[in-house]
$ cat entry.cif   # mmCIF, C-alpha atoms
data_my_file
#
loop_
_atom_site.label_atom_id
_atom_site.label_comp_id
_atom_site.auth_asym_id
_atom_site.auth_seq_id
_atom_site.Cartn_x
_atom_site.Cartn_y
_atom_site.Cartn_z
CA MET Q 1 53.90 146.19 127.82
CA ASN Q 2 50.45 145.59 126.41
CA PRO Q 3 48.23 142.67 127.48
CA SER Q 4 48.47 140.80 124.14
CA VAL Q 5 52.27 140.50 124.51
CA GLN Q 6 51.79 139.33 128.09
CA TRP Q 7 49.32 136.63 127.02
CA ILE Q 8 51.61 135.51 124.18
CA THR Q 9 54.53 135.38 126.63
CA LEU Q 10 52.43 133.36 129.08
CA LEU Q 11 51.46 130.87 126.33
CA TRP Q 12 55.07 130.55 125.19
CA MET Q 13 56.16 129.95 128.78
CA LEU Q 14 53.47 127.24 129.12
CA PHE Q 15 54.90 125.64 125.98
CA SER Q 16 58.47 126.07 127.26
CA GLY Q 17 57.58 124.44 130.59
CA ALA Q 18 56.05 121.47 128.76
CA ALA Q 19 59.14 121.27 126.51
CA MET Q 20 61.35 121.24 129.61
CA GLY Q 21 59.28 118.33 130.95
CA VAL Q 22 59.61 116.40 127.69
CA ALA Q 23 63.37 116.97 127.66
CA PHE Q 24 63.68 115.98 131.33
CA ASP Q 25 61.67 112.76 130.93
CA SER Q 26 63.56 111.86 127.76
CA TYR Q 27 66.89 112.49 129.47
CA ARG Q 28 65.88 110.54 132.58
CA VAL Q 29 64.66 107.49 130.61
CA LEU Q 30 67.67 107.60 128.29
CA ALA Q 31 70.07 107.77 131.24
CA GLY Q 32 68.27 104.82 132.86
CA GLN Q 33 68.28 102.70 129.72
CA LEU Q 34 71.86 103.45 128.67
CA ARG Q 35 73.19 103.10 132.23
CA PHE Q 36 75.55 106.05 132.32
CA PRO Q 37 78.29 105.85 134.96
CA ARG Q 38 77.26 107.14 138.34
CA TRP Q 39 79.83 109.95 138.33
CA SER Q 40 78.47 111.39 135.09
CA LYS Q 41 74.89 111.93 136.32
CA HIS Q 42 75.73 115.20 138.06
CA THR Q 43 77.46 116.53 134.98
CA LEU Q 44 74.55 115.51 132.76
CA ASP Q 45 72.06 117.11 135.17
CA PHE Q 46 74.07 120.32 135.12
CA LEU Q 47 74.18 120.28 131.31
CA TYR Q 48 70.40 119.71 131.18
CA TRP Q 49 69.71 122.71 133.39
CA ILE Q 50 72.11 124.91 131.42
CA ALA Q 51 70.39 123.91 128.16
CA ALA Q 52 66.94 124.44 129.71
CA ALA Q 53 67.92 127.90 130.96
CA PHE Q 54 69.26 128.89 127.53
CA PHE Q 55 66.08 127.59 125.90
CA ILE Q 56 63.81 129.49 128.34
CA PHE Q 57 65.71 132.74 127.99
CA ARG Q 58 65.76 132.37 124.20
CA MET Q 59 61.96 131.93 124.19
CA LEU Q 60 61.59 134.85 126.60
CA TYR Q 61 63.78 137.06 124.45
CA MET Q 62 61.81 136.16 121.31
CA THR Q 63 58.39 136.88 122.86
CA ASN Q 64 58.91 139.99 125.00
CA ASP Q 65 62.52 141.11 124.51
CA GLY Q 66 63.74 139.29 127.62
CA GLN Q 67 61.60 141.05 130.23
CA LEU Q 68 61.33 138.81 133.28
CA ARG Q 69 57.95 139.10 135.06
CA PHE Q 70 56.07 137.07 137.64
CA TYR Q 71 53.69 135.52 135.09
CA VAL Q 72 56.73 134.03 133.28
CA PHE Q 73 57.45 131.84 136.32
CA VAL Q 74 53.74 131.06 136.69
CA GLY Q 75 53.59 130.01 133.02
CA LEU Q 76 56.66 127.79 133.36
CA PHE Q 77 55.33 126.15 136.51
CA ILE Q 78 51.87 125.53 135.04
CA GLY Q 79 53.40 124.18 131.79
CA VAL Q 80 55.61 121.71 133.65
CA TRP Q 81 52.76 120.75 136.00
CA ILE Q 82 50.30 120.10 133.13
CA TYR Q 83 52.94 118.13 131.26
CA PHE Q 84 53.71 115.87 134.23
CA LEU Q 85 50.01 115.49 134.92
CA LEU Q 86 48.98 114.50 131.39
CA TRP Q 87 51.87 113.47 129.15
CA SER Q 88 54.77 112.25 131.29
CA VAL Q 89 53.91 108.54 131.17
CA ILE Q 90 53.22 108.68 127.43
CA THR Q 91 56.54 110.40 126.78
CA GLN Q 92 58.46 107.90 128.89
CA ARG Q 93 56.86 104.94 127.08
CA PHE Q 94 57.52 106.59 123.71
CA VAL Q 95 61.20 107.14 124.55
CA VAL Q 96 61.54 103.53 125.74
CA MET Q 97 59.90 102.37 122.51
CA LEU Q 98 62.28 104.55 120.47
CA ILE Q 99 65.28 103.10 122.32
CA GLN Q 100 64.07 99.54 121.67
CA VAL Q 101 63.43 100.30 117.99
CA THR Q 102 66.88 101.87 117.71
CA LYS Q 103 68.52 98.87 119.38
CA GLY Q 104 66.62 96.52 117.06
CA LEU Q 105 67.59 98.58 114.02
CA MET Q 106 71.24 98.64 115.10
CA ALA Q 107 71.20 94.84 115.63
CA PHE Q 108 69.63 94.39 112.18
CA LEU Q 109 72.19 96.69 110.54
CA TYR Q 110 75.01 94.86 112.33
CA LYS Q 111 73.75 91.49 111.10
CA LEU Q 112 73.28 92.91 107.61
CA PHE Q 113 76.83 94.30 107.65
CA ARG Q 114 78.22 90.97 108.80
CA MET Q 115 76.22 89.06 106.20
CA LEU Q 116 76.80 91.36 103.21
CA VAL Q 117 80.25 92.81 103.91
CA TRP Q 118 82.22 91.07 106.65
CA ASN Q 119 81.48 87.41 105.84
CA PRO Q 120 82.28 87.76 102.09
CA ILE Q 121 85.54 89.60 102.86
CA LYS Q 122 86.40 86.99 105.47
CA GLY Q 123 85.59 84.21 102.99
CA ILE Q 124 87.74 85.77 100.27
CA LEU Q 125 90.62 86.21 102.72
CA MET Q 126 90.29 82.60 103.87
CA LEU Q 127 90.29 81.45 100.23
CA ILE Q 128 93.40 83.52 99.48
CA LEU Q 129 95.09 82.20 102.61
CA GLY Q 130 94.22 78.62 101.65
CA LEU Q 131 95.58 79.17 98.15
CA LEU Q 132 98.79 80.65 99.56
CA ARG Q 133 99.20 77.68 101.90
CA PHE Q 134 98.63 75.28 99.04
CA LEU Q 135 101.13 77.17 96.87
CA TRP Q 136 103.70 77.20 99.70
CA LYS Q 137 103.34 73.44 100.28
CA PHE Q 138 103.54 72.82 96.55
CA LEU Q 139 106.73 74.88 96.26
CA LEU Q 140 108.26 73.12 99.27
CA SER Q 141 107.47 69.70 97.86
CA LEU Q 142 108.86 70.76 94.46
CA LEU Q 143 112.02 72.02 96.16
CA ARG Q 144 112.36 68.75 98.07
CA LEU Q 145 112.05 66.83 94.82
CA VAL Q 146 114.70 69.01 93.17
CA LEU Q 147 117.01 68.61 96.18
CA LYS Q 148 116.57 64.83 96.15
CA CYS Q 149 117.43 64.83 92.47
CA LEU Q 150 120.53 66.96 93.12
CA MET Q 151 121.69 64.93 96.15
CA PRO Q 152 123.97 62.60 94.15
CA PHE Q 153 125.68 65.63 92.55
CA TRP Q 154 126.09 67.21 96.00
CA ARG Q 155 127.71 64.06 97.36
CA LEU Q 156 130.01 63.92 94.35
CA LEU Q 157 130.98 67.59 94.83
CA LYS Q 158 131.50 67.03 98.53
CA TRP Q 159 133.72 64.03 97.83
CA MET Q 160 135.70 66.02 95.27
CA LEU Q 161 136.22 68.95 97.65
CA ARG Q 162 137.10 66.82 100.71
CA PRO Q 163 140.86 67.32 100.37
CA ILE Q 164 140.39 71.10 100.41
CA THR Q 165 137.70 71.26 103.10
CA SER Q 166 139.56 68.93 105.46
CA ARG Q 167 142.47 71.38 105.70
CA VAL Q 168 140.31 74.48 106.27
CA ARG Q 169 139.57 75.27 109.93
CA LEU Q 170 136.41 77.31 110.46
CA PRO Q 171 135.87 79.49 113.54
CA ALA Q 172 133.45 78.30 116.27
CA TRP Q 173 130.82 80.89 115.49
CA SER Q 174 130.59 79.73 111.86
CA LYS Q 175 130.02 76.16 113.10
CA GLN Q 176 127.15 77.38 115.32
CA LEU Q 177 125.68 79.36 112.44
CA ALA Q 178 125.90 76.35 110.15
CA ASP Q 179 124.16 74.19 112.77
CA LYS Q 180 121.32 76.71 113.04
CA VAL Q 181 120.95 76.87 109.27
CA ILE Q 182 120.92 73.07 109.02
CA LYS Q 183 118.35 72.84 111.81
CA ALA Q 184 116.09 75.38 110.10
CA TRP Q 185 116.59 73.61 106.77
CA LYS Q 186 115.52 70.28 108.24
CA ARG Q 187 112.51 71.84 109.91
CA TRP Q 188 111.28 73.28 106.58
CA PHE Q 189 112.35 70.46 104.31
#
$ encode --input "entry.cif" --output "structure tokens"
Amino acid sequence: MNPSVQWITLLWMLFSGAAMGVAFDSYRVLAGQLRFPRWSKHTLDFLYWIAAAFFIFRMLYMTNDGQLRFYVFVGLFIGVWIYFLLWSVITQRFVVMLIQVTKGLMAFLYKLFRMLVWNPIKGILMLILGLLRFLWKFLLSLLRLVLKCLMPFWRLLKWMLRPITSRVRLPAWSKQLADKVIKAWKRWF
């Protein structure tokens, strides 16, 4: 392997080490802000290291066909060290700022959704429900009026049919059913 490939590999490993640091700080701040359950931290750590290993080996394969040398580890270590020395605090603050901006944007979008979509739909449904209630009460009052107008005819019919109905014996269950119907009728009307 010629020296130019070695220097390019070293530079890519410096970059990869810094990228690992950025990903680690972002993951750590995100996990702290979002308060993941305690049991999931080990799984997330494992997934981070798997992703970091795939990323490093992909970079290594692209630069020198996957040849693993001592200077690769040196480059990774120096890249991570320089990152944590210079840019770690900036990255953490940037990620916190991004989380706050995202939360603010989500709150704004939620309020916008409620104001432009949910509240009008809710208002229309309340209007329809009010109209249905009004219509139901109007129909019930109209039916009461009709029944009051028909009451004299009902009494006349009942009087005319008394000789027939007095001789008919109804079973007990029909009497109970009639009582329930009369009770429901009185509740509604």
$ atom_distance --input "entry.cif" --atom1 "atom CA of Q:Phe73" --atom2 "atom CA of Q:Thr9"
10.7 Å
$ closest_residue --input "entry.cif" --among "Q:Gln33, Q:Thr63, Q:Ser26, Q:Gln176" --to "Q:Leu11" --atoms "only C-alpha atoms"
Q:Thr63
$ atom_distance --input "entry.cif" --atom1 "atom CA of Q:Phe15" --atom2 "atom CA of Q:His42"
26.2 Å
$ closest_residue --input "entry.cif" --among "Q:Ile78, Q:Val22, Q:Leu125, Q:Met13" --to "Q:Phe57" --atoms "only C-alpha atoms"
Q:Met13
$ resolve_selection --input "entry.cif" --expression "the PyMOL selection byres ((chain Q and resi 14) around 10)" --output "JSON, numbers by chain"
{"Q": [8, 9, 10, 11, 12, 13, 15, 16, 17, 18, 19, 20, 72, 73, 74, 75, 76, 77, 78, 79, 80, 81, 82, 83]}
$ closest_residue --input "entry.cif" --among "Q:Pro152, Q:Arg114, Q:Lys186, Q:Asp25" --to "Q:Trp87" --atoms "all atoms listed in the file"
Q:Asp25
$ atom_distance --input "entry.cif" --atom1 "atom CA of Q:Phe70" --atom2 "atom CA of Q:Trp7"
12.6 Å
$ axis_aligned_box --input "entry.cif" --around "stretch 35-46 of chain Q" --padding-each-side "8 Å" --output "lines of an AutoDock Vina configuration file"
center_x = 75.9
center_y = 111.7
center_z = 135.3
size_x = 23.8
size_y = 33.2
size_z = 22.1
$ closest_residue --input "entry.cif" --among "Q:Arg28, Q:Arg35, Q:Arg187, Q:Lys122" --to "Q:Leu140" --atoms "only C-alpha atoms"
Q:Arg187
$ residues_around --input "entry.cif" --residues "Q:Ala31" --least-positions-apart "3" --cutoff "12 Å" --atoms "all atoms listed in the file" --output "PyMOL selection string"
chain Q and resi 23-28+34-38+40-42+44-45+48+92+95-96+99
